[in-house]
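Student: I'm passing along run.tsv; it holds TSV, N, CA and C atoms.
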```
chain	number	residue	atom	x	y	z
A	521	MET	N	108.66	58.38	27.76
A	521	MET	CA	109.91	58.69	28.41
A	521	MET	C	110.82	57.46	28.46
A	522	PHE	N	110.22	56.28	28.66
A	522	PHE	CA	111.01	55.06	28.71
A	522	PHE	C	111.65	54.76	27.36
A	523	LEU	N	110.91	54.96	26.29
A	523	LEU	CA	111.44	54.71	24.94
A	523	LEU	C	112.55	55.71	24.59
A	524	GLU	N	112.43	56.92	25.08
A	524	GLU	CA	113.49	57.90	24.85
A	524	GLU	C	114.77	57.47	25.54
A	525	ALA	N	114.67	57.00	26.78
A	525	ALA	CA	115.85	56.55	27.52
A	525	ALA	C	116.44	55.30	26.90
A	526	LEU	N	115.60	54.38	26.50
A	526	LEU	CA	116.09	53.14	25.89
A	526	LEU	C	116.74	53.44	24.54
A	527	GLY	N	116.13	54.29	23.75
A	527	GLY	CA	116.69	54.65	22.46
A	527	GLY	C	118.03	55.37	22.58
A	528	SER	N	118.12	56.29	23.52
A	528	SER	CA	119.38	57.01	23.69
A	528	SER	C	120.47	56.08	24.25
A	529	ALA	N	120.10	55.15	25.12
A	529	ALA	CA	121.08	54.19	25.62
A	529	ALA	C	121.59	53.29	24.50
A	530	LEU	N	120.71	52.90	23.60
A	530	LEU	CA	121.14	52.08	22.46
A	530	LEU	C	122.02	52.87	21.50
A	531	VAL	N	121.72	54.14	21.31
A	531	VAL	CA	122.57	54.99	20.46
A	531	VAL	C	123.95	55.15	21.09
A	532	GLY	N	124.00	55.37	22.39
A	532	GLY	CA	125.28	55.49	23.08
A	532	GLY	C	126.08	54.21	23.04
A	533	LEU	N	125.40	53.07	23.19
A	533	LEU	CA	126.08	51.79	23.10
A	533	LEU	C	126.62	51.54	21.71
A	534	ALA	N	125.86	51.91	20.70
A	534	ALA	CA	126.32	51.74	19.31
A	534	ALA	C	127.52	52.64	19.01
A	535	LEU	N	127.49	53.87	19.49
A	535	LEU	CA	128.63	54.76	19.29
A	535	LEU	C	129.87	54.25	20.00
A	536	ALA	N	129.70	53.77	21.22
A	536	ALA	CA	130.84	53.25	21.98
A	536	ALA	C	131.40	51.99	21.33
A	537	TRP	N	130.52	51.13	20.84
A	537	TRP	CA	130.98	49.91	20.19
A	537	TRP	C	131.73	50.24	18.90
A	538	ALA	N	131.23	51.21	18.15
A	538	ALA	CA	131.92	51.62	16.93
A	538	ALA	C	133.28	52.25	17.24
A	539	ALA	N	133.34	53.01	18.33
A	539	ALA	CA	134.62	53.61	18.73
A	539	ALA	C	135.62	52.54	19.14
A	540	VAL	N	135.16	51.52	19.86
A	540	VAL	CA	136.05	50.42	20.26
A	540	VAL	C	136.52	49.65	19.04
A	541	ALA	N	135.63	49.43	18.10
A	541	ALA	CA	136.00	48.68	16.91
A	541	ALA	C	136.99	49.46	16.04
A	542	ARG	N	136.83	50.76	15.98
A	542	ARG	CA	137.67	51.57	15.09
A	542	ARG	C	138.95	52.06	15.76
A	543	LEU	N	138.87	52.43	17.03
A	543	LEU	CA	140.00	53.07	17.72
A	543	LEU	C	140.45	52.29	18.95
A	544	SER	N	140.51	50.98	18.86
A	544	SER	CA	140.79	50.17	20.05
A	544	SER	C	142.17	50.43	20.62
A	545	ARG	N	143.14	50.82	19.81
A	545	ARG	CA	144.49	51.07	20.32
A	545	ARG	C	144.58	52.35	21.12
A	546	ARG	N	143.71	53.30	20.83
A	546	ARG	CA	143.79	54.61	21.49
A	546	ARG	C	142.80	54.77	22.62
A	547	LEU	N	142.05	53.74	22.95
A	547	LEU	CA	141.04	53.83	24.01
A	547	LEU	C	141.41	52.93	25.18
A	548	PRO	N	140.90	53.24	26.36
A	548	PRO	CA	141.08	52.34	27.50
A	548	PRO	C	140.30	51.04	27.29
A	549	PRO	N	140.30	50.14	28.25
A	549	PRO	CA	139.58	48.87	28.07
A	549	PRO	C	138.10	49.05	27.76
A	550	ARG	N	137.55	48.06	27.09
A	550	ARG	CA	136.15	48.09	26.65
A	550	ARG	C	135.18	48.23	27.82
A	551	THR	N	135.56	47.69	28.99
A	551	THR	CA	134.68	47.77	30.16
A	551	THR	C	134.50	49.19	30.66
A	552	LEU	N	135.35	50.11	30.24
A	552	LEU	CA	135.18	51.52	30.58
A	552	LEU	C	134.50	52.30	29.46
A	553	VAL	N	134.79	51.93	28.23
A	553	VAL	CA	134.29	52.70	27.08
A	553	VAL	C	132.79	52.51	26.88
A	554	LEU	N	132.31	51.28	26.95
A	554	LEU	CA	130.89	51.02	26.69
A	554	LEU	C	129.97	51.72	27.69
A	555	PRO	N	130.23	51.64	29.01
A	555	PRO	CA	129.35	52.39	29.93
A	555	PRO	C	129.46	53.90	29.80
A	556	THR	N	130.64	54.39	29.37
A	556	THR	CA	130.79	55.83	29.17
A	556	THR	C	129.90	56.30	28.02
A	557	GLY	N	129.83	55.53	26.96
A	557	GLY	CA	128.96	55.90	25.84
A	557	GLY	C	127.49	55.90	26.23
A	558	VAL	N	127.08	54.88	26.98
A	558	VAL	CA	125.68	54.80	27.42
A	558	VAL	C	125.34	55.94	28.37
A	559	ALA	N	126.22	56.19	29.35
A	559	ALA	CA	125.96	57.27	30.31
A	559	ALA	C	125.95	58.63	29.64
A	560	GLY	N	126.85	58.84	28.69
A	560	GLY	CA	126.87	60.10	27.96
A	560	GLY	C	125.60	60.31	27.16
A	561	ALA	N	125.11	59.26	26.52
A	561	ALA	CA	123.88	59.39	25.74
A	561	ALA	C	122.67	59.63	26.63
A	562	LEU	N	122.62	58.95	27.76
A	562	LEU	CA	121.50	59.18	28.69
A	562	LEU	C	121.53	60.60	29.24
A	563	PHE	N	122.72	61.06	29.59
A	563	PHE	CA	122.82	62.44	30.10
A	563	PHE	C	122.48	63.45	29.01
A	564	GLY	N	122.92	63.19	27.78
A	564	GLY	CA	122.60	64.10	26.68
A	564	GLY	C	121.11	64.15	26.39
A	565	ALA	N	120.45	63.01	26.44
A	565	ALA	CA	119.00	62.99	26.22
A	565	ALA	C	118.28	63.70	27.36
A	566	PHE	N	118.75	63.51	28.58
A	566	PHE	CA	118.16	64.21	29.72
A	566	PHE	C	118.34	65.72	29.59
A	567	LEU	N	119.55	66.11	29.19
A	567	LEU	CA	119.84	67.54	29.03
A	567	LEU	C	118.99	68.15	27.91
A	568	THR	N	118.85	67.43	26.81
A	568	THR	CA	118.04	67.91	25.70
A	568	THR	C	116.57	67.98	26.09
A	569	HIS	N	116.10	66.97	26.81
A	569	HIS	CA	114.70	66.96	27.26
A	569	HIS	C	114.44	68.11	28.24
A	570	THR	N	115.41	68.38	29.11
A	570	THR	CA	115.24	69.47	30.06
A	570	THR	C	115.25	70.82	29.37
A	571	ALA	N	116.12	70.99	28.39
A	571	ALA	CA	116.25	72.28	27.73
A	571	ALA	C	115.09	72.55	26.76
A	572	LEU	N	114.67	71.52	26.03
A	572	LEU	CA	113.67	71.74	24.97
A	572	LEU	C	112.28	71.23	25.31
A	573	GLY	N	112.15	70.48	26.37
A	573	GLY	CA	110.86	69.92	26.72
A	573	GLY	C	110.58	68.67	25.89
A	574	SER	N	109.33	68.29	25.79
A	574	SER	CA	108.96	67.11	25.02
A	574	SER	C	108.93	67.47	23.54
A	575	THR	N	110.07	67.30	22.91
A	575	THR	CA	110.18	67.61	21.49
A	575	THR	C	110.18	66.31	20.69
A	576	ASN	N	110.63	66.40	19.49
A	576	ASN	CA	110.70	65.26	18.60
A	576	ASN	C	111.67	64.22	19.15
A	577	PHE	N	111.35	62.96	18.93
A	577	PHE	CA	112.18	61.85	19.41
A	577	PHE	C	113.57	61.90	18.79
A	578	LEU	N	113.68	62.27	17.53
A	578	LEU	CA	114.97	62.32	16.86
A	578	LEU	C	115.85	63.44	17.40
A	579	VAL	N	115.25	64.52	17.87
A	579	VAL	CA	116.01	65.61	18.47
A	579	VAL	C	116.64	65.14	19.77
A	580	LEU	N	115.89	64.39	20.56
A	580	LEU	CA	116.44	63.86	21.81
A	580	LEU	C	117.56	62.85	21.55
A	581	LEU	N	117.38	62.01	20.53
A	581	LEU	CA	118.42	61.05	20.19
A	581	LEU	C	119.67	61.75	19.68
A	582	SER	N	119.50	62.80	18.91
A	582	SER	CA	120.68	63.51	18.42
A	582	SER	C	121.40	64.24	19.55
A	583	GLY	N	120.67	64.77	20.49
A	583	GLY	CA	121.31	65.38	21.66
A	583	GLY	C	122.08	64.36	22.48
A	584	GLY	N	121.51	63.18	22.62
A	584	GLY	CA	122.22	62.11	23.32
A	584	GLY	C	123.45	61.65	22.56
A	585	ALA	N	123.36	61.57	21.25
A	585	ALA	CA	124.50	61.15	20.44
A	585	ALA	C	125.63	62.17	20.49
A	586	ILE	N	125.30	63.43	20.53
A	586	ILE	CA	126.32	64.48	20.58
A	586	ILE	C	127.07	64.42	21.91
A	587	VAL	N	126.36	64.29	23.00
A	587	VAL	CA	127.03	64.24	24.30
A	587	VAL	C	127.79	62.93	24.47
A	588	ALA	N	127.27	61.83	23.94
A	588	ALA	CA	128.00	60.55	24.00
A	588	ALA	C	129.29	60.63	23.22
A	589	ALA	N	129.25	61.22	22.03
A	589	ALA	CA	130.48	61.37	21.24
A	589	ALA	C	131.49	62.27	21.94
A	590	ALA	N	131.00	63.31	22.59
A	590	ALA	CA	131.90	64.20	23.31
A	590	ALA	C	132.53	63.49	24.51
A	591	SER	N	131.76	62.70	25.23
A	591	SER	CA	132.32	62.00	26.39
A	591	SER	C	133.28	60.89	25.96
A	592	LEU	N	133.01	60.24	24.83
A	592	LEU	CA	133.93	59.23	24.32
A	592	LEU	C	135.22	59.86	23.81
A	593	SER	N	135.14	61.05	23.29
A	593	SER	CA	136.34	61.71	22.79
A	593	SER	C	137.28	62.08	23.93
A	594	LEU	N	136.75	62.23	25.13
A	594	LEU	CA	137.60	62.53	26.28
A	594	LEU	C	138.44	61.33	26.71
A	595	LEU	N	138.08	60.14	26.28
A	595	LEU	CA	138.82	58.94	26.64
A	595	LEU	C	139.99	58.65	25.70
A	596	LEU	N	140.05	59.33	24.56
A	596	LEU	CA	141.08	59.04	23.57
A	596	LEU	C	142.46	59.44	24.08
A	597	ARG	N	143.42	58.58	23.82
A	597	ARG	CA	144.82	58.87	24.11
A	597	ARG	C	145.48	59.31	22.82
A	598	PRO	N	146.59	60.04	22.91
A	598	PRO	CA	147.28	60.46	21.68
A	598	PRO	C	147.83	59.26	20.93
A	599	ALA	N	147.96	59.42	19.63
A	599	ALA	CA	148.54	58.36	18.80
A	599	ALA	C	150.01	58.20	19.14
A	600	GLU	N	150.51	57.00	19.01
A	600	GLU	CA	151.89	56.74	19.41
A	600	GLU	C	152.90	57.43	18.52
A	601	ARG	N	152.56	57.70	17.30
A	601	ARG	CA	153.54	58.32	16.42
A	601	ARG	C	153.80	59.78	16.76
A	602	PHE	N	152.93	60.40	17.57
A	602	PHE	CA	153.13	61.79	17.94
A	602	PHE	C	153.81	61.94	19.29
A	603	ARG	N	154.07	60.88	19.97
A	603	ARG	CA	154.72	60.97	21.27
A	603	ARG	C	156.20	61.29	21.08
A	604	ARG	N	156.68	62.13	21.94
A	604	ARG	CA	158.09	62.48	21.91
A	604	ARG	C	158.80	61.73	23.03
A	605	SER	N	159.93	61.20	22.71
A	605	SER	CA	160.71	60.52	23.75
A	605	SER	C	161.63	61.54	24.40
A	606	SER	N	161.74	61.45	25.71
A	606	SER	CA	162.60	62.38	26.42
A	606	SER	C	164.05	61.91	26.32
A	607	ALA	N	164.93	62.85	26.30
A	607	ALA	CA	166.36	62.53	26.22
A	607	ALA	C	166.84	62.00	27.56
A	608	PRO	N	167.72	61.02	27.56
A	608	PRO	CA	168.22	60.51	28.84
A	608	PRO	C	169.06	61.56	29.55
A	609	ALA	N	168.97	61.55	30.84
A	609	ALA	CA	169.68	62.58	31.64
A	609	ALA	C	171.14	62.29	31.81
```
Before anything else, please render the file you have as structure tokens.
Tutor:
Amino acid sequence: MFLEALGSALVGLALAWAAVARLSRRLPPRTLVLPTGVAGALFGAFLTHTALGSTNFLVLLSGGAIVAAASLSLLLRPAERFRRSSAPA
């Protein structure tokens, strides 16, 4: 169980770090993004473990990666080129 939690935390940290490296302009500060990825991966692994029981280690990691990616996607802001400026009153 400890290795499952450690592995999913490392997967979440890697996903969050990759998101910061690739999409740094569209994300909040790194101090918020990295813990969100880790927490999402831990919650996803817990959810997968609860739903499927003691299954394959890779299944738990993939469940953690899916929830981490979903939680990181909630932090994304729209790209600046799609913002509309309001007309002055």
Student: Tell me, in Å to one decimal, how far atom N of A:Leu562 is from atom C of A:Val540.
Tutor: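 Atom N of A:Leu562 sits 18.9 Å away from atom C of A:Val540.
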Student: Kindly provide, as a CSV table (one decimal) with N, CA and C atoms, in the coordinates of the input, the polymer residues lying within 12 Å of (139.0, 56.3, 24.2), counting only C-alpha atoms and using the coordinates exactly as they appear in the file.
Tutor:
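Saved to out.csv:
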```
chain,number,residue,atom,x,y,z
A,535,LEU,N,127.5,53.9,19.5
A,535,LEU,CA,128.6,54.8,19.3
A,535,LEU,C,129.9,54.2,20.0
A,536,ALA,N,129.7,53.8,21.2
A,536,ALA,CA,130.8,53.2,22.0
A,536,ALA,C,131.4,52.0,21.3
A,537,TRP,N,130.5,51.1,20.8
A,537,TRP,CA,131.0,49.9,20.2
A,537,TRP,C,131.7,50.2,18.9
A,538,ALA,N,131.2,51.2,18.2
A,538,ALA,CA,131.9,51.6,16.9
A,538,ALA,C,133.3,52.2,17.2
A,539,ALA,N,133.3,53.0,18.3
A,539,ALA,CA,134.6,53.6,18.7
A,539,ALA,C,135.6,52.5,19.1
A,540,VAL,N,135.2,51.5,19.9
A,540,VAL,CA,136.0,50.4,20.3
A,540,VAL,C,136.5,49.6,19.0
A,541,ALA,N,135.6,49.4,18.1
A,541,ALA,CA,136.0,48.7,16.9
A,541,ALA,C,137.0,49.5,16.0
A,542,ARG,N,136.8,50.8,16.0
A,542,ARG,CA,137.7,51.6,15.1
A,542,ARG,C,139.0,52.1,15.8
A,543,LEU,N,138.9,52.4,17.0
A,543,LEU,CA,140.0,53.1,17.7
A,543,LEU,C,140.4,52.3,19.0
A,544,SER,N,140.5,51.0,18.9
A,544,SER,CA,140.8,50.2,20.0
A,544,SER,C,142.2,50.4,20.6
A,545,ARG,N,143.1,50.8,19.8
A,545,ARG,CA,144.5,51.1,20.3
A,545,ARG,C,144.6,52.4,21.1
A,546,ARG,N,143.7,53.3,20.8
A,546,ARG,CA,143.8,54.6,21.5
A,546,ARG,C,142.8,54.8,22.6
A,547,LEU,N,142.0,53.7,23.0
A,547,LEU,CA,141.0,53.8,24.0
A,547,LEU,C,141.4,52.9,25.2
A,548,PRO,N,140.9,53.2,26.4
A,548,PRO,CA,141.1,52.3,27.5
A,548,PRO,C,140.3,51.0,27.3
A,549,PRO,N,140.3,50.1,28.2
A,549,PRO,CA,139.6,48.9,28.1
A,549,PRO,C,138.1,49.0,27.8
A,550,ARG,N,137.6,48.1,27.1
A,550,ARG,CA,136.2,48.1,26.6
A,550,ARG,C,135.2,48.2,27.8
A,551,THR,N,135.6,47.7,29.0
A,551,THR,CA,134.7,47.8,30.2
A,551,THR,C,134.5,49.2,30.7
A,552,LEU,N,135.4,50.1,30.2
A,552,LEU,CA,135.2,51.5,30.6
A,552,LEU,C,134.5,52.3,29.5
A,553,VAL,N,134.8,51.9,28.2
A,553,VAL,CA,134.3,52.7,27.1
A,553,VAL,C,132.8,52.5,26.9
A,554,LEU,N,132.3,51.3,27.0
A,554,LEU,CA,130.9,51.0,26.7
A,554,LEU,C,130.0,51.7,27.7
A,555,PRO,N,130.2,51.6,29.0
A,555,PRO,CA,129.4,52.4,29.9
A,555,PRO,C,129.5,53.9,29.8
A,556,THR,N,130.6,54.4,29.4
A,556,THR,CA,130.8,55.8,29.2
A,556,THR,C,129.9,56.3,28.0
A,557,GLY,N,129.8,55.5,27.0
A,557,GLY,CA,129.0,55.9,25.8
A,557,GLY,C,127.5,55.9,26.2
A,588,ALA,N,127.3,61.8,23.9
A,588,ALA,CA,128.0,60.6,24.0
A,588,ALA,C,129.3,60.6,23.2
A,589,ALA,N,129.2,61.2,22.0
A,589,ALA,CA,130.5,61.4,21.2
A,589,ALA,C,131.5,62.3,21.9
A,590,ALA,N,131.0,63.3,22.6
A,590,ALA,CA,131.9,64.2,23.3
A,590,ALA,C,132.5,63.5,24.5
A,591,SER,N,131.8,62.7,25.2
A,591,SER,CA,132.3,62.0,26.4
A,591,SER,C,133.3,60.9,26.0
A,592,LEU,N,133.0,60.2,24.8
A,592,LEU,CA,133.9,59.2,24.3
A,592,LEU,C,135.2,59.9,23.8
A,593,SER,N,135.1,61.0,23.3
A,593,SER,CA,136.3,61.7,22.8
A,593,SER,C,137.3,62.1,23.9
A,594,LEU,N,136.8,62.2,25.1
A,594,LEU,CA,137.6,62.5,26.3
A,594,LEU,C,138.4,61.3,26.7
A,595,LEU,N,138.1,60.1,26.3
A,595,LEU,CA,138.8,58.9,26.6
A,595,LEU,C,140.0,58.6,25.7
A,596,LEU,N,140.0,59.3,24.6
A,596,LEU,CA,141.1,59.0,23.6
A,596,LEU,C,142.5,59.4,24.1
A,597,ARG,N,143.4,58.6,23.8
A,597,ARG,CA,144.8,58.9,24.1
A,597,ARG,C,145.5,59.3,22.8
A,598,PRO,N,146.6,60.0,22.9
A,598,PRO,CA,147.3,60.5,21.7
A,598,PRO,C,147.8,59.3,20.9
A,599,ALA,N,148.0,59.4,19.6
A,599,ALA,CA,148.5,58.4,18.8
A,599,ALA,C,150.0,58.2,19.1
```
Student: Could you tell me which of A:Ala559, A:Gly532, A:Glu600, A:Gly564 comes closest to A:Gly584 if we count only C-alpha atoms?
Tutor: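 Using only C-alpha atoms, the shortest distance to A:Gly584 belongs to A:Gly564.
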Student: Quick one, how far is atom CA of A:Val558 from atom C of A:Thr575?
Tutor: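 These two atoms are separated by 20.4 Å.
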Student: Run DSSP on the backbone and grab whatever in chain A lands in alpha helix (DSSP H); send it over as a compact mmCIF listing (two decimals) with N, CA and C atoms, in the frame of the given file.
Tutor:
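Okay, selection-v8.txt is ready:
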```
# COMPACT_ATOMS: atom_id res chain seq x y z
N PHE A 522 110.22 56.28 28.66
CA PHE A 522 111.01 55.06 28.71
C PHE A 522 111.65 54.76 27.36
N LEU A 523 110.91 54.96 26.29
CA LEU A 523 111.44 54.71 24.94
C LEU A 523 112.55 55.71 24.59
N GLU A 524 112.43 56.92 25.08
CA GLU A 524 113.49 57.90 24.85
C GLU A 524 114.77 57.47 25.54
N ALA A 525 114.67 57.00 26.78
CA ALA A 525 115.85 56.55 27.52
C ALA A 525 116.44 55.30 26.90
N LEU A 526 115.60 54.38 26.50
CA LEU A 526 116.09 53.14 25.89
C LEU A 526 116.74 53.44 24.54
N GLY A 527 116.13 54.29 23.75
CA GLY A 527 116.69 54.65 22.46
C GLY A 527 118.03 55.37 22.58
N SER A 528 118.12 56.29 23.52
CA SER A 528 119.38 57.01 23.69
C SER A 528 120.47 56.08 24.25
N ALA A 529 120.10 55.15 25.12
CA ALA A 529 121.08 54.19 25.62
C ALA A 529 121.59 53.29 24.50
N LEU A 530 120.71 52.90 23.60
CA LEU A 530 121.14 52.08 22.46
C LEU A 530 122.02 52.87 21.50
N VAL A 531 121.72 54.14 21.31
CA VAL A 531 122.57 54.99 20.46
C VAL A 531 123.95 55.15 21.09
N GLY A 532 124.00 55.37 22.39
CA GLY A 532 125.28 55.49 23.08
C GLY A 532 126.08 54.21 23.04
N LEU A 533 125.40 53.07 23.19
CA LEU A 533 126.08 51.79 23.10
C LEU A 533 126.62 51.54 21.71
N ALA A 534 125.86 51.91 20.70
CA ALA A 534 126.32 51.74 19.31
C ALA A 534 127.52 52.64 19.01
N LEU A 535 127.49 53.87 19.49
CA LEU A 535 128.63 54.76 19.29
C LEU A 535 129.87 54.25 20.00
N ALA A 536 129.70 53.77 21.22
CA ALA A 536 130.84 53.25 21.98
C ALA A 536 131.40 51.99 21.33
N TRP A 537 130.52 51.13 20.84
CA TRP A 537 130.98 49.91 20.19
C TRP A 537 131.73 50.24 18.90
N ALA A 538 131.23 51.21 18.15
CA ALA A 538 131.92 51.62 16.93
C ALA A 538 133.28 52.25 17.24
N ALA A 539 133.34 53.01 18.33
CA ALA A 539 134.62 53.61 18.73
C ALA A 539 135.62 52.54 19.14
N VAL A 540 135.16 51.52 19.86
CA VAL A 540 136.05 50.42 20.26
C VAL A 540 136.52 49.65 19.04
N ALA A 541 135.63 49.43 18.10
CA ALA A 541 136.00 48.68 16.91
C ALA A 541 136.99 49.46 16.04
N ARG A 542 136.83 50.76 15.98
CA ARG A 542 137.67 51.57 15.09
C ARG A 542 138.95 52.06 15.76
N ARG A 550 137.55 48.06 27.09
CA ARG A 550 136.15 48.09 26.65
C ARG A 550 135.18 48.23 27.82
N THR A 551 135.56 47.69 28.99
CA THR A 551 134.68 47.77 30.16
C THR A 551 134.50 49.19 30.66
N LEU A 552 135.35 50.11 30.24
CA LEU A 552 135.18 51.52 30.58
C LEU A 552 134.50 52.30 29.46
N VAL A 553 134.79 51.93 28.23
CA VAL A 553 134.29 52.70 27.08
C VAL A 553 132.79 52.51 26.88
N LEU A 554 132.31 51.28 26.95
CA LEU A 554 130.89 51.02 26.69
C LEU A 554 129.97 51.72 27.69
N PRO A 555 130.23 51.64 29.01
CA PRO A 555 129.35 52.39 29.93
C PRO A 555 129.46 53.90 29.80
N THR A 556 130.64 54.39 29.37
CA THR A 556 130.79 55.83 29.17
C THR A 556 129.90 56.30 28.02
N GLY A 557 129.83 55.53 26.96
CA GLY A 557 128.96 55.90 25.84
C GLY A 557 127.49 55.90 26.23
N VAL A 558 127.08 54.88 26.98
CA VAL A 558 125.68 54.80 27.42
C VAL A 558 125.34 55.94 28.37
N ALA A 559 126.22 56.19 29.35
CA ALA A 559 125.96 57.27 30.31
C ALA A 559 125.95 58.63 29.64
N GLY A 560 126.85 58.84 28.69
CA GLY A 560 126.87 60.10 27.96
C GLY A 560 125.60 60.31 27.16
N ALA A 561 125.11 59.26 26.52
CA ALA A 561 123.88 59.39 25.74
C ALA A 561 122.67 59.63 26.63
N LEU A 562 122.62 58.95 27.76
CA LEU A 562 121.50 59.18 28.69
C LEU A 562 121.53 60.60 29.24
N PHE A 563 122.72 61.06 29.59
CA PHE A 563 122.82 62.44 30.10
C PHE A 563 122.48 63.45 29.01
N GLY A 564 122.92 63.19 27.78
CA GLY A 564 122.60 64.10 26.68
C GLY A 564 121.11 64.15 26.39
N ALA A 565 120.45 63.01 26.44
CA ALA A 565 119.00 62.99 26.22
C ALA A 565 118.28 63.70 27.36
N PHE A 566 118.75 63.51 28.58
CA PHE A 566 118.16 64.21 29.72
C PHE A 566 118.34 65.72 29.59
N LEU A 567 119.55 66.11 29.19
CA LEU A 567 119.84 67.54 29.03
C LEU A 567 118.99 68.15 27.91
N THR A 568 118.85 67.43 26.81
CA THR A 568 118.04 67.91 25.70
C THR A 568 116.57 67.98 26.09
N HIS A 569 116.10 66.97 26.81
CA HIS A 569 114.70 66.96 27.26
C HIS A 569 114.44 68.11 28.24
N THR A 570 115.41 68.38 29.11
CA THR A 570 115.24 69.47 30.06
C THR A 570 115.25 70.82 29.37
N ALA A 571 116.12 70.99 28.39
CA ALA A 571 116.25 72.28 27.73
C ALA A 571 115.09 72.55 26.76
N LEU A 572 114.67 71.52 26.03
CA LEU A 572 113.67 71.74 24.97
C LEU A 572 112.28 71.23 25.31
N PHE A 577 111.35 62.96 18.93
CA PHE A 577 112.18 61.85 19.41
C PHE A 577 113.57 61.90 18.79
N LEU A 578 113.68 62.27 17.53
CA LEU A 578 114.97 62.32 16.86
C LEU A 578 115.85 63.44 17.40
N VAL A 579 115.25 64.52 17.87
CA VAL A 579 116.01 65.61 18.47
C VAL A 579 116.64 65.14 19.77
N LEU A 580 115.89 64.39 20.56
CA LEU A 580 116.44 63.86 21.81
C LEU A 580 117.56 62.85 21.55
N LEU A 581 117.38 62.01 20.53
CA LEU A 581 118.42 61.05 20.19
C LEU A 581 119.67 61.75 19.68
N SER A 582 119.50 62.80 18.91
CA SER A 582 120.68 63.51 18.42
C SER A 582 121.40 64.24 19.55
N GLY A 583 120.67 64.77 20.49
CA GLY A 583 121.31 65.38 21.66
C GLY A 583 122.08 64.36 22.48
N GLY A 584 121.51 63.18 22.62
CA GLY A 584 122.22 62.11 23.32
C GLY A 584 123.45 61.65 22.56
N ALA A 585 123.36 61.57 21.25
CA ALA A 585 124.50 61.15 20.44
C ALA A 585 125.63 62.17 20.49
N ILE A 586 125.30 63.43 20.53
CA ILE A 586 126.32 64.48 20.58
C ILE A 586 127.07 64.42 21.91
N VAL A 587 126.36 64.29 23.00
CA VAL A 587 127.03 64.24 24.30
C VAL A 587 127.79 62.93 24.47
N ALA A 588 127.27 61.83 23.94
CA ALA A 588 128.00 60.55 24.00
C ALA A 588 129.29 60.63 23.22
N ALA A 589 129.25 61.22 22.03
CA ALA A 589 130.48 61.37 21.24
C ALA A 589 131.49 62.27 21.94
N ALA A 590 131.00 63.31 22.59
CA ALA A 590 131.90 64.20 23.31
C ALA A 590 132.53 63.49 24.51
N SER A 591 131.76 62.70 25.23
CA SER A 591 132.32 62.00 26.39
C SER A 591 133.28 60.89 25.96
N LEU A 592 133.01 60.24 24.83
CA LEU A 592 133.93 59.23 24.32
C LEU A 592 135.22 59.86 23.81
N SER A 593 135.14 61.05 23.29
CA SER A 593 136.34 61.71 22.79
C SER A 593 137.28 62.08 23.93
```
Student: Just give me the gap between atom N of A:Ala529 and atom C of A:Ser574 in Å, one decimal is fine.
Tutor: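 Going from atom N of A:Ala529 over to atom C of A:Ser574 covers 16.7 Å.
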Student: Return the single residue from A:Met521, A:Leu526, A:Leu533, A:Val587 that is closest to A:Phe563, with distances computed using only C-alpha atoms.
Tutor: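 Of A:Met521, A:Leu526, A:Leu533, A:Val587, the one nearest A:Phe563, counting only C-alpha atoms, is A:Val587.
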Student: Just so I have it separately, write stretch 530-556 of chain A from the block I sent, keeping C-alpha atoms, as a PDB file, in the first residue's frame.
Tutor:
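So part-v3.pdb came out as:
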```pdb
ATOM      1  CA  LEU A 530       5.374  10.563  -8.036  1.00  0.00           C
ATOM      2  CA  VAL A 531       3.138  10.206 -11.100  1.00  0.00           C
ATOM      3  CA  GLY A 532       1.076  13.198  -9.975  1.00  0.00           C
ATOM      4  CA  LEU A 533       4.208  15.234  -9.344  1.00  0.00           C
ATOM      5  CA  ALA A 534       5.567  14.348 -12.782  1.00  0.00           C
ATOM      6  CA  LEU A 535       2.296  15.308 -14.465  1.00  0.00           C
ATOM      7  CA  ALA A 536       2.143  18.598 -12.580  1.00  0.00           C
ATOM      8  CA  TRP A 537       5.764  19.393 -13.388  1.00  0.00           C
ATOM      9  CA  ALA A 538       5.175  18.649 -17.071  1.00  0.00           C
ATOM     10  CA  ALA A 539       2.077  20.867 -17.035  1.00  0.00           C
ATOM     11  CA  VAL A 540       4.046  23.726 -15.452  1.00  0.00           C
ATOM     12  CA  ALA A 541       6.841  23.311 -17.961  1.00  0.00           C
ATOM     13  CA  ARG A 542       4.494  23.226 -20.947  1.00  0.00           C
ATOM     14  CA  LEU A 543       1.628  25.530 -19.918  1.00  0.00           C
ATOM     15  CA  SER A 544       3.197  27.951 -17.448  1.00  0.00           C
ATOM     16  CA  ARG A 545       1.392  30.992 -18.891  1.00  0.00           C
ATOM     17  CA  ARG A 546      -2.043  29.446 -18.461  1.00  0.00           C
ATOM     18  CA  LEU A 547      -1.586  28.032 -14.953  1.00  0.00           C
ATOM     19  CA  PRO A 548      -1.523  29.631 -11.507  1.00  0.00           C
ATOM     20  CA  PRO A 549       1.764  29.704  -9.549  1.00  0.00           C
ATOM     21  CA  ARG A 550       3.817  26.524  -9.258  1.00  0.00           C
ATOM     22  CA  THR A 551       3.188  26.368  -5.493  1.00  0.00           C
ATOM     23  CA  LEU A 552      -0.463  25.600  -6.252  1.00  0.00           C
ATOM     24  CA  VAL A 553      -0.043  23.361  -9.291  1.00  0.00           C
ATOM     25  CA  LEU A 554       2.432  20.829  -7.877  1.00  0.00           C
ATOM     26  CA  PRO A 555       0.409  19.930  -4.746  1.00  0.00           C
ATOM     27  CA  THR A 556      -2.764  19.748  -6.841  1.00  0.00           C
TER      28      THR A 556
END
```
